[in-house]
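Engineer: Input structure: data-v6.txt, which contains compact mmCIF, C-alpha atoms and all ligand atoms.
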# COMPACT_ATOMS: atom_id res chain seq x y z
CA MET A 1 -16.16 19.14 -19.28
CA THR A 2 -13.64 21.74 -20.14
CA PRO A 3 -10.27 20.46 -21.09
CA ILE A 4 -7.59 22.97 -20.33
CA GLU A 5 -5.10 23.12 -23.12
CA VAL A 6 -1.57 23.32 -21.85
CA LYS A 7 0.68 25.03 -24.29
CA PRO A 8 3.75 23.00 -25.15
CA ILE A 9 6.97 24.59 -24.13
CA SER A 10 8.92 25.54 -27.18
CA GLY A 11 11.37 22.84 -28.10
CA ALA A 12 9.41 20.17 -26.23
CA ASP A 13 9.28 16.79 -27.87
CA THR A 14 6.58 16.69 -30.48
CA LYS A 15 5.07 13.63 -28.92
CA TYR A 16 4.25 15.69 -25.85
CA ARG A 17 2.61 18.48 -27.80
CA ALA A 18 -0.86 17.49 -26.93
CA VAL A 19 -0.79 17.57 -23.19
CA ARG A 20 -4.21 18.21 -21.88
CA ILE A 21 -5.59 18.47 -18.46
CA PHE A 22 -9.10 17.34 -17.98
CA ALA A 23 -10.82 18.59 -14.96
CA ALA A 24 -12.73 15.85 -13.32
CA SER A 25 -15.69 15.52 -11.09
CA ALA A 26 -16.01 14.29 -7.62
CA LEU A 27 -16.33 10.54 -7.80
CA LEU A 28 -17.94 8.80 -4.92
CA PHE A 29 -16.09 5.70 -4.01
CA CYS A 30 -17.54 2.69 -2.36
CA LEU A 31 -15.74 3.28 0.89
CA PRO A 32 -16.76 6.32 2.89
CA VAL A 33 -14.57 9.41 3.07
CA VAL A 34 -12.79 8.43 -0.09
CA CYS A 35 -14.21 10.79 -2.57
CA ALA A 36 -12.23 11.98 -5.42
CA LEU A 37 -11.82 14.93 -7.55
CA CYS A 38 -9.99 13.92 -10.60
CA PHE A 39 -8.22 15.49 -13.42
CA MET A 40 -6.38 13.48 -15.92
CA ALA A 41 -3.39 14.70 -17.70
CA VAL A 42 -2.27 12.66 -20.57
CA ALA A 43 1.00 12.76 -22.30
CA ALA A 44 -0.50 11.68 -25.53
CA GLY A 45 0.74 9.26 -28.07
CA SER A 46 3.45 7.57 -26.14
CA ALA A 47 3.55 4.04 -24.90
CA VAL A 48 6.87 3.48 -23.29
CA ALA A 49 7.97 0.26 -21.66
CA ALA A 50 8.73 -0.01 -17.93
CA SER A 51 12.07 0.76 -16.33
CA GLN A 52 12.45 4.17 -17.85
CA GLY A 53 15.37 5.71 -16.04
CA ALA A 54 15.41 7.73 -12.87
CA ILE A 55 14.01 10.68 -10.97
CA SER A 56 17.10 12.55 -9.85
CA ASP A 57 15.65 15.44 -7.89
CA ILE A 58 12.47 17.07 -6.60
CA ARG A 59 12.05 20.80 -6.23
CA ILE A 60 9.13 22.74 -4.82
CA GLY A 61 8.64 26.47 -5.31
CA VAL A 62 5.89 29.05 -4.92
CA HIS A 63 4.96 31.66 -7.55
CA ASP A 64 1.87 33.84 -7.71
CA GLY A 65 -0.13 31.71 -5.32
CA ARG A 66 0.66 28.54 -7.23
CA THR A 67 2.95 25.83 -6.01
CA ARG A 68 5.28 24.37 -8.58
CA PHE A 69 6.33 20.75 -8.08
CA VAL A 70 9.25 19.83 -10.32
CA MET A 71 10.59 16.33 -10.88
CA GLU A 72 13.91 16.00 -12.65
CA VAL A 73 13.87 12.94 -14.85
CA SER A 74 16.61 11.24 -16.83
CA ASP A 75 14.45 10.47 -19.84
CA ALA A 76 11.31 11.57 -21.61
CA VAL A 77 8.47 9.68 -19.96
CA PRO A 78 4.71 9.69 -20.24
CA PHE A 79 2.83 10.55 -17.09
CA GLN A 80 -0.65 10.99 -15.67
CA ALA A 81 -1.89 13.09 -12.78
CA PHE A 82 -5.15 13.32 -10.90
CA GLY A 83 -6.45 14.76 -7.68
CA LEU A 84 -8.05 13.09 -4.68
CA GLU A 85 -9.66 14.64 -1.67
CA ASP A 86 -10.24 13.65 1.90
CA PRO A 87 -7.35 14.08 2.42
CA ASP A 88 -6.39 16.42 -0.39
CA ARG A 89 -3.73 14.94 -2.62
CA ILE A 90 -2.37 15.00 -6.13
CA VAL A 91 -1.32 11.66 -7.58
CA VAL A 92 1.27 11.46 -10.35
CA ASP A 93 1.84 8.16 -12.11
CA LEU A 94 4.94 7.49 -14.18
CA PRO A 95 6.56 4.43 -15.69
CA GLU A 96 8.73 2.44 -13.29
CA LEU A 97 11.62 4.74 -12.41
CA ASP A 98 14.51 4.54 -9.99
CA TRP A 99 14.34 7.15 -7.26
CA HIS A 100 17.48 9.15 -6.65
CA GLY A 101 15.63 12.22 -5.41
CA PRO A 102 15.24 13.27 -1.78
CA GLU A 103 12.98 11.13 0.36
CA ALA A 104 9.69 12.66 1.37
CA ALA A 105 10.69 12.85 5.00
CA ALA A 106 13.90 14.70 4.24
CA SER A 107 12.27 17.71 2.62
CA GLY A 108 9.55 19.70 4.31
CA GLY A 109 6.51 21.11 2.58
CA ARG A 110 6.16 24.41 0.76
CA GLY A 111 3.21 26.38 -0.50
CA LEU A 112 0.26 24.04 -0.97
CA VAL A 113 2.47 20.97 -0.67
CA ALA A 114 2.64 19.41 2.79
CA GLY A 115 4.88 16.57 1.69
CA TYR A 116 5.11 13.71 -0.75
CA ARG A 117 5.62 9.98 -0.93
CA HIS A 118 6.68 7.70 -3.72
CA GLY A 119 6.88 4.03 -4.49
CA LEU A 120 6.00 1.24 -6.85
CA PHE A 121 2.23 1.20 -7.29
CA LYS A 122 2.20 -1.87 -9.49
CA PRO A 123 4.78 -3.47 -11.77
CA GLY A 124 5.67 -0.83 -14.34
CA VAL A 125 4.12 2.13 -12.51
CA THR A 126 5.89 4.45 -10.10
CA ARG A 127 3.49 6.64 -8.15
CA VAL A 128 4.21 9.95 -6.45
CA VAL A 129 1.54 11.12 -4.00
CA ILE A 130 1.72 14.82 -3.16
CA ASP A 131 -0.07 15.65 0.08
CA LEU A 132 -1.67 19.08 0.07
CA ILE A 133 -2.41 21.38 3.00
CA GLY A 134 -5.91 21.96 1.60
CA PRO A 135 -7.93 21.69 -1.61
CA GLY A 136 -5.84 22.08 -4.74
CA HIS A 137 -5.79 21.10 -8.36
CA VAL A 138 -3.31 20.71 -11.18
CA ALA A 139 -3.51 23.96 -13.11
CA LYS A 140 -0.68 23.11 -15.46
CA LEU A 141 1.32 20.04 -16.25
CA PHE A 142 4.13 19.94 -18.74
CA GLN A 143 7.51 18.55 -19.54
CA LEU A 144 10.62 20.64 -20.16
CA PRO A 145 13.45 19.23 -22.26
CA PRO A 146 17.04 19.49 -21.04
CA SER A 147 18.46 22.96 -21.53
CA ASN A 148 21.45 24.98 -20.36
CA GLY A 149 22.77 22.10 -18.32
CA ALA A 150 19.41 21.56 -16.57
CA PRO A 151 18.03 18.04 -16.91
CA ARG A 152 14.62 17.13 -18.29
CA ARG A 153 11.84 18.20 -15.91
CA LEU A 154 8.23 17.28 -15.29
CA VAL A 155 6.45 20.34 -13.95
CA LEU A 156 3.15 20.45 -12.06
CA ASP A 157 1.63 23.77 -11.14
CA ILE A 158 -0.80 23.29 -8.30
CA ALA A 159 -3.38 26.01 -7.67
CA PRO A 160 -5.61 26.31 -4.61
CA GLY A 161 -9.25 25.27 -4.77
CA LYS A 162 -11.07 22.41 -6.35
CA SER A 163 -11.76 22.03 -9.97
CA GLY A 164 -15.35 20.90 -10.14
CA LYS A 165 -15.53 19.92 -13.77
CA SER A 166 -16.71 16.56 -14.94
CA ALA A 167 -14.44 13.60 -15.41
CA THR A 168 -12.83 12.23 -18.47
CA ALA A 169 -10.71 9.17 -18.29
CA SER A 170 -8.56 9.90 -21.24
CA LYS A 171 -6.21 7.04 -21.86
CA ASP A 172 -2.87 6.42 -23.36
CA TRP A 173 0.55 5.36 -22.04
CA ALA A 174 -0.44 1.85 -22.89
CA THR A 175 -4.03 2.69 -22.01
CA TYR A 176 -2.91 4.22 -18.79
CA ALA A 177 -0.71 1.36 -17.73
CA ALA A 178 -3.37 -1.19 -18.56
CA SER A 179 -5.96 0.52 -16.44
CA LEU A 180 -3.87 0.64 -13.28
CA GLY A 181 -5.54 -1.22 -10.46
CA SER A 182 -6.92 -3.91 -12.71
CA ARG A 183 -7.66 -6.77 -10.45
CA LYS A 184 -5.13 -9.07 -12.04
CA ALA A 185 -2.45 -6.46 -11.62
CA SER A 186 -0.64 -8.07 -8.78
CA GLN A 187 -0.17 -11.75 -9.14
CA PRO A 188 0.82 -13.86 -6.16
CA THR A 189 4.56 -13.78 -5.96
CA THR A 190 4.77 -17.51 -5.60
CA THR A 191 3.33 -19.77 -8.22
CA GLU A 192 0.31 -22.05 -8.22
CA PRO A 193 -0.61 -24.16 -5.21
CA GLN A 194 1.35 -27.34 -5.29
CA ALA A 195 -0.27 -30.71 -5.32
CA ASP A 196 2.35 -32.23 -3.07
CA GLY A 197 0.18 -32.24 0.02
CA LYS A 198 1.75 -29.18 1.56
CA ARG A 199 -0.42 -26.74 3.48
CA ILE A 200 -0.48 -23.35 1.89
CA VAL A 201 -0.01 -20.33 4.15
CA THR A 202 -0.15 -16.74 2.96
CA ILE A 203 2.22 -14.31 4.60
CA ASP A 204 1.22 -10.70 4.04
CA ALA A 205 3.85 -8.04 4.58
CA GLY A 206 1.81 -4.93 5.36
CA HIS A 207 1.97 -1.69 3.36
CA GLY A 208 4.57 -1.31 0.57
CA GLY A 209 5.41 0.98 -2.30
CA VAL A 210 3.90 4.41 -1.86
CA ASP A 211 2.49 3.43 1.55
CA PRO A 212 5.38 3.26 4.04
CA GLY A 213 3.25 2.37 7.07
CA ALA A 214 4.59 3.52 10.43
CA ILE A 215 7.91 5.33 10.55
CA GLY A 216 10.32 4.32 13.29
CA ARG A 217 12.23 6.57 15.63
CA SER A 218 15.37 6.10 13.59
CA GLY A 219 13.46 6.55 10.34
CA ALA A 220 12.91 2.87 9.51
CA HIS A 221 9.79 2.22 7.47
CA GLU A 222 7.30 -0.40 8.61
CA LYS A 223 6.97 -1.62 5.01
CA HIS A 224 10.66 -2.63 4.89
CA LEU A 225 10.80 -4.19 8.36
CA VAL A 226 7.71 -6.32 7.86
CA LEU A 227 8.89 -7.46 4.43
CA ALA A 228 12.17 -8.63 5.97
CA MET A 229 10.14 -10.40 8.65
CA ALA A 230 7.85 -11.99 6.04
CA LYS A 231 10.85 -13.40 4.19
CA THR A 232 12.27 -14.92 7.37
CA VAL A 233 8.89 -16.39 8.25
CA ARG A 234 8.63 -17.87 4.74
CA ARG A 235 12.06 -19.48 5.04
CA VAL A 236 11.38 -20.92 8.49
CA LEU A 237 7.89 -22.17 7.57
CA GLU A 238 9.09 -23.80 4.36
CA ALA A 239 12.08 -25.38 6.09
CA THR A 240 9.62 -27.61 7.98
CA GLY A 241 8.72 -29.29 4.69
CA ARG A 242 5.09 -29.09 5.74
CA TYR A 243 4.14 -25.70 4.29
CA LYS A 244 4.21 -23.78 1.07
CA VAL A 245 4.23 -20.01 1.57
CA VAL A 246 2.54 -17.60 -0.81
CA MET A 247 3.57 -14.00 -0.20
CA THR A 248 1.23 -11.14 -1.08
CA ARG A 249 4.35 -9.18 -1.94
CA ASP A 250 8.05 -9.98 -1.93
CA ARG A 251 9.29 -6.57 -2.93
CA ASP A 252 8.60 -2.94 -2.18
CA ILE A 253 5.30 -2.55 -4.00
CA PHE A 254 1.82 -1.38 -3.07
CA ILE A 255 -0.96 -4.00 -2.94
CA PRO A 256 -4.57 -2.92 -2.25
CA LEU A 257 -5.96 -4.41 0.98
CA ARG A 258 -8.64 -6.48 -0.66
CA ARG A 259 -6.22 -7.79 -3.25
CA ARG A 260 -4.15 -9.23 -0.41
CA TYR A 261 -6.75 -11.72 0.75
CA GLU A 262 -7.74 -12.45 -2.81
CA ILE A 263 -4.18 -13.60 -3.42
CA ALA A 264 -4.53 -15.96 -0.45
CA HIS A 265 -7.84 -17.30 -1.72
CA GLU A 266 -6.61 -17.79 -5.29
CA ALA A 267 -3.54 -19.62 -4.04
CA GLY A 268 -5.68 -22.01 -2.01
CA ALA A 269 -4.21 -20.81 1.28
CA GLU A 270 -5.62 -22.22 4.51
CA LEU A 271 -4.21 -19.48 6.69
CA PHE A 272 -3.48 -15.79 6.19
CA VAL A 273 -1.07 -13.92 8.44
CA SER A 274 -0.66 -10.17 7.97
CA LEU A 275 2.48 -8.69 9.50
CA HIS A 276 2.66 -5.11 10.79
CA ALA A 277 4.49 -2.93 13.27
CA ASP A 278 2.67 -0.08 14.97
CA SER A 279 3.68 3.29 16.30
CA HIS A 280 2.35 5.05 19.40
CA SER A 281 2.71 8.43 21.03
CA ARG A 282 3.59 6.66 24.28
CA ARG A 283 7.13 5.67 23.47
CA SER A 284 7.53 3.23 26.32
CA LEU A 285 4.78 1.04 24.88
CA ARG A 286 6.18 -2.16 23.40
CA GLY A 287 5.34 -5.76 22.58
CA ALA A 288 3.40 -7.81 20.06
CA SER A 289 -0.35 -8.14 19.71
CA VAL A 290 -2.57 -10.36 17.57
CA TYR A 291 -5.82 -9.21 15.96
CA THR A 292 -8.80 -10.97 14.50
CA LEU A 293 -11.76 -9.51 12.67
CA SER A 294 -14.72 -8.19 14.57
CA ASP A 295 -17.42 -5.59 14.04
CA ASN A 296 -17.05 -4.67 17.67
CA ALA A 297 -13.53 -3.66 18.54
CA SER A 298 -12.21 -5.05 21.80
CA ASP A 299 -11.14 -1.58 22.90
CA LYS A 300 -10.65 1.96 21.66
CA GLU A 301 -7.00 1.39 20.84
CA ALA A 302 -7.82 -1.61 18.64
CA ALA A 303 -10.49 0.40 16.83
CA ALA A 304 -8.06 3.27 16.25
CA LEU A 305 -5.42 0.86 15.02
CA ALA A 306 -7.82 -0.72 12.53
CA ARG A 307 -8.76 2.73 11.22
CA LYS A 308 -5.08 3.50 10.76
CA GLU A 309 -4.25 0.24 9.01
CA ASN A 310 -7.34 0.48 6.81
CA LYS A 311 -6.08 3.77 5.39
CA SER A 312 -3.46 2.01 3.30
CA ASP A 313 -5.46 2.25 0.08
CA VAL A 314 -6.19 5.91 0.71
CA ILE A 315 -2.54 6.68 1.40
CA ALA A 316 -1.58 5.07 -1.88
CA GLY A 317 -4.16 7.07 -3.81
CA THR A 318 -6.11 4.05 -4.96
CA ASP A 319 -9.29 4.47 -6.89
CA LEU A 320 -11.46 2.20 -4.81
CA SER A 321 -14.42 2.58 -7.13
CA GLU A 322 -13.07 -0.21 -9.27
CA TYR A 323 -13.81 -2.59 -6.44
CA PRO A 324 -17.49 -3.40 -6.26
CA ALA A 325 -19.16 -2.55 -2.99
CA GLU A 326 -19.49 -5.50 -0.69
CA VAL A 327 -22.65 -6.97 -2.06
CA SER A 328 -24.39 -9.90 -0.42
CA SER A 329 -22.93 -9.10 2.95
CA ILE A 330 -25.27 -11.66 4.49
CA LEU A 331 -23.67 -14.43 2.46
CA ILE A 332 -20.26 -13.20 3.46
CA ASP A 333 -21.33 -13.10 7.08
CA LEU A 334 -22.52 -16.71 6.97
CA ALA A 335 -19.37 -18.00 5.37
CA GLN A 336 -17.33 -15.84 7.66
CA GLN A 337 -18.66 -17.32 10.86
CA SER A 338 -16.72 -20.55 10.60
CA VAL A 339 -13.72 -18.75 9.16
CA ASN A 340 -13.82 -16.36 12.11
CA GLU A 341 -13.86 -19.26 14.55
CA GLU A 342 -10.80 -20.74 12.90
CA SER A 343 -9.11 -17.35 12.95
CA TRP A 344 -9.90 -17.08 16.64
CA HIS A 345 -8.36 -20.51 17.39
CA PHE A 346 -5.21 -19.66 15.49
CA ALA A 347 -4.91 -16.25 17.16
CA GLU A 348 -5.19 -17.88 20.60
CA MET A 349 -2.46 -20.40 19.74
CA LEU A 350 -0.25 -17.70 18.29
CA THR A 351 -0.72 -15.47 21.32
CA LYS A 352 0.47 -18.25 23.61
CA LYS A 353 3.51 -19.12 21.50
CA LEU A 354 4.50 -15.47 21.12
CA ALA A 355 4.15 -14.82 24.86
CA LYS A 356 6.71 -17.56 25.51
CA ASN A 357 9.24 -16.14 23.10
CA ILE A 358 8.94 -12.39 22.73
CA LYS A 359 7.49 -9.41 24.56
CA VAL A 360 3.73 -9.13 24.11
CA LEU A 361 1.09 -6.58 25.07
CA ARG A 362 -1.39 -7.26 27.82
CA ASN A 363 -4.63 -8.69 26.39
CA THR A 364 -2.51 -9.88 23.51
CA HIS A 365 -5.40 -11.12 21.40
CA ARG A 366 -7.64 -8.22 20.37
CA PHE A 367 -10.43 -7.60 17.88
CA ALA A 368 -11.29 -4.88 15.39
CA GLY A 369 -12.55 -4.25 11.87
CA PHE A 370 -9.39 -4.66 9.85
CA ALA A 371 -10.16 -4.58 6.13
CA VAL A 372 -7.32 -6.95 5.30
CA LEU A 373 -8.87 -9.64 7.51
CA LYS A 374 -12.22 -9.67 5.70
CA SER A 375 -11.56 -12.80 3.72
CA PRO A 376 -14.75 -14.85 3.48
CA ASN A 377 -12.72 -18.01 2.88
CA VAL A 378 -9.36 -17.98 4.61
CA PRO A 379 -8.83 -17.82 8.39
CA SER A 380 -6.88 -14.62 8.93
CA VAL A 381 -4.99 -12.86 11.67
CA LEU A 382 -3.02 -9.64 11.80
CA VAL A 383 0.05 -9.38 13.99
CA GLU A 384 1.47 -6.09 15.19
CA ILE A 385 4.94 -7.39 15.93
CA GLY A 386 6.00 -4.41 17.99
CA TYR A 387 6.14 -0.62 18.14
CA LEU A 388 8.47 1.34 15.92
CA SER A 389 7.99 4.22 18.35
CA ASN A 390 9.85 2.15 20.95
CA ILE A 391 13.61 1.98 20.54
CA HIS A 392 13.88 -1.61 21.78
CA ASP A 393 11.15 -2.95 19.50
CA GLU A 394 12.53 -1.06 16.53
CA ALA A 395 16.06 -2.30 17.18
CA ASN A 396 14.74 -5.86 17.51
CA LEU A 397 12.90 -5.71 14.21
CA ARG A 398 16.09 -4.73 12.48
CA THR A 399 17.87 -7.94 13.54
CA GLU A 400 17.65 -11.34 11.91
CA LYS A 401 18.02 -12.93 15.35
CA PHE A 402 14.73 -11.41 16.51
CA ARG A 403 13.05 -12.19 13.21
CA GLU A 404 13.99 -15.85 13.61
CA ARG A 405 12.74 -15.92 17.19
CA PHE A 406 9.39 -14.54 16.04
CA ALA A 407 9.27 -16.86 13.02
CA HIS A 408 9.90 -19.96 15.12
CA ALA A 409 7.15 -18.99 17.55
CA LEU A 410 4.81 -18.42 14.61
CA VAL A 411 5.71 -21.79 13.08
CA ARG A 412 4.93 -23.56 16.34
CA ALA A 413 1.50 -21.93 16.36
CA VAL A 414 0.92 -22.86 12.71
CA ASP A 415 1.92 -26.44 13.52
CA ARG A 416 -0.53 -26.58 16.41
CA TYR A 417 -3.27 -25.11 14.27
CA PHE A 418 -2.92 -27.73 11.55
CA ASP A 419 -2.37 -30.55 14.07
CA ARG A 420 -5.73 -29.65 15.57
CA LYS A 421 -7.35 -29.48 12.16
CA GLU A 422 -6.00 -32.87 11.17
CA LYS A 423 -7.06 -34.39 14.46
CA MET A 424 -10.58 -33.04 14.02
CA SER A 425 -10.87 -34.34 10.47
CA ARG A 426 -9.84 -37.82 11.66
CA SER A 427 -12.31 -37.95 14.53
ZN ZN B 1 0.75 -1.49 9.49
Please, can you express the file's structure as structure tokens?
Ligand SMILES: [Zn+2]

Structural biologist:
Amino acid sequence: MTPIEVKPISGADTKYRAVRIFAASALLFCLPVVCALCFMAVAAGSAVAASQGAISDIRIGVHDGRTRFVMEVSDAVPFQAFGLEDPDRIVVDLPELDWHGPEAAASGGRGLVAGYRHGLFKPGVTRVVIDLIGPGHVAKLFQLPPSNGAPRRLVLDIAPGKSGKSATASKDWATYAASLGSRKASQPTTTEPQADGKRIVTIDAGHGGVDPGAIGRSGAHEKHLVLAMAKTVRRVLEATGRYKVVMTRDRDIFIPLRRRYEIAHEAGAELFVSLHADSHSRRSLRGASVYTLSDNASDKEAAALARKENKSDVIAGTDLSEYPAEVSSILIDLAQQSVNEESWHFAEMLTKKLAKNIKVLRNTHRFAGFAVLKSPNVPSVLVEIGYLSNIHDEANLRTEKFRERFAHALVRAVDRYFDRKEKMSRS
């Protein structure tokens, strides 16, 4: 392991003197393709609370074969950076900051940088993911104090090629934001299950934070549209007096896929509904579809869709190694059989109710290996409400009128599902 000493810029805050970059090794994660090459840069000796100001601008430049990525920040902040490959990315974590800089989509790539995304990774941590055009590593990382009218800047120099040195997880910034993806990081956004006899349903708004999901023709992000839909569904479900809704997220924040069904399980949910909106190169394609878990996808399109949706953790630059590999898959399979049957029943009911109320795809109920549906305990379905690549579907998703129409259809299916369950438990 060879730490690369980064010389402090003269006049830099003393607390940032000891900025080091540790080159890190390729870590094999438990999911395929996700293999990482890490370097950790630590702004030492600073533990600053969340809500630290704002990023006001992003600039990208190329010098001597290196690509410089500059973030203008309003305040001195600690930060960490590491690299991931497959696809090649650099991840920069900062305290929770407001974003006043240009959106990723608005500014094209330059040098080694193909583009970037940003968002809340967990409470207190803003993440910027820099997509690279090929292998690259952080050659230098430093902070420049305000000078000559220029604001404070965080500077990353990205050089081509991997850095194959071994890993060091050097910690600070409140032990690197309390070890980032710690499994308790994202609590359910609604409190404990209530003992008032209400059925608990988990509504999962797909994507969030640094993972925008599909991007619509007018630039709308799937993550925002499905969150708005989830909130309408919660309101309409709870208005019946029969259900208590637990959301996996109720703001623009990233939640790892597996964490989503854990939230449902911990809340005692009896049903898990994940809401998404797809995008397709065939722009005329529109309508909703409902998916349940299967090893064998019902068709190629469903398999491709599952692959796309399963990339969420990769897009957000999650270190999946902190999740144990799926041990005892036989046990999970056994438990999952009855859960899968229940999921299937609910999906069939939902398909029928949706078909009566909104536009649906042919073969509305489909199957594929969606990671978010792998709950061993809670019957789960995933709904692609429509296509953001279709102007009618996208326009619909932007209106509360459509959201209510969808929500009422969903509630009728949920009612039928629990009516059937109650009938069966009586007989
Ligand atoms: Zn999605």

Engineer: So what do you get for CA of Arg260 in chain A versus CA of Val246 in chain A, distance-wise?

Structural biologist: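 Pair CA of Arg260 in chain A / CA of Val246 in chain A returns 10.7 Å.
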
Engineer: Can you work out which residues are within 9 Å of ligand ZN 1 (chain B), considering all atoms listed in the file, and then hand them over as a VMD selection string?

Structural biologist: chain A and resid 205 to 207 212 to 214 222 to 223 226 274 to 279 305 308 to 310 312 384

Engineer: Measure the distance from CA of Glu342 in chain A to CA of Gly287 in chain A in Å and round it to one decimal.

Structural biologist: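 Pair CA of Glu342 in chain A / CA of Gly287 in chain A returns 24.1 Å.
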
Engineer: Given only C-alpha atoms as the basis, pick out the residue of A:Arg59, A:Lys359, A:Arg66, A:Lys244 nearest to Pro102 in chain A.

Structural biologist: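 Checking each candidate against Pro102 in chain A, we get A:Arg59 as the closest.
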
Engineer: My list of candidates is A:Ile215, A:Leu397, A:Val201, A:Ile315. Which is closest to Val411 in chain A when distances are computed with all atoms listed in the file?

Structural biologist: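 Once distances to Val411 in chain A are computed over all atoms listed in the file, the minimum belongs to A:Val201.
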
Engineer: Report the distance between CA of Ala174 in chain A and CA of Pro78 in chain A in Å, rounded to one decimal place.

Structural biologist: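 Computed distance, CA of Ala174 in chain A to CA of Pro78 in chain A, equals 9.7 Å.
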
Engineer: Assuming 4 Å of padding per side, give the centre and edge lengths of the axis-aligned box around every listed atom of range 145-151 of chain A, in Å to one decimal and as AutoDock Vina command-line options.

Structural biologist:
--center_x 18.1 --center_y 21.5 --center_z -19.4 --size_x 17.3 --size_y 14.9 --size_z 13.7

Engineer: List the spatial neighbours of Thr202 in chain A as a PyMOL selection string - criterion: any atom at most 7 Å away, all atoms listed in the file, same-chain residues fewer than 4 positions off excluded.

Structural biologist: chain A and resi 245-247+264+269+271-273
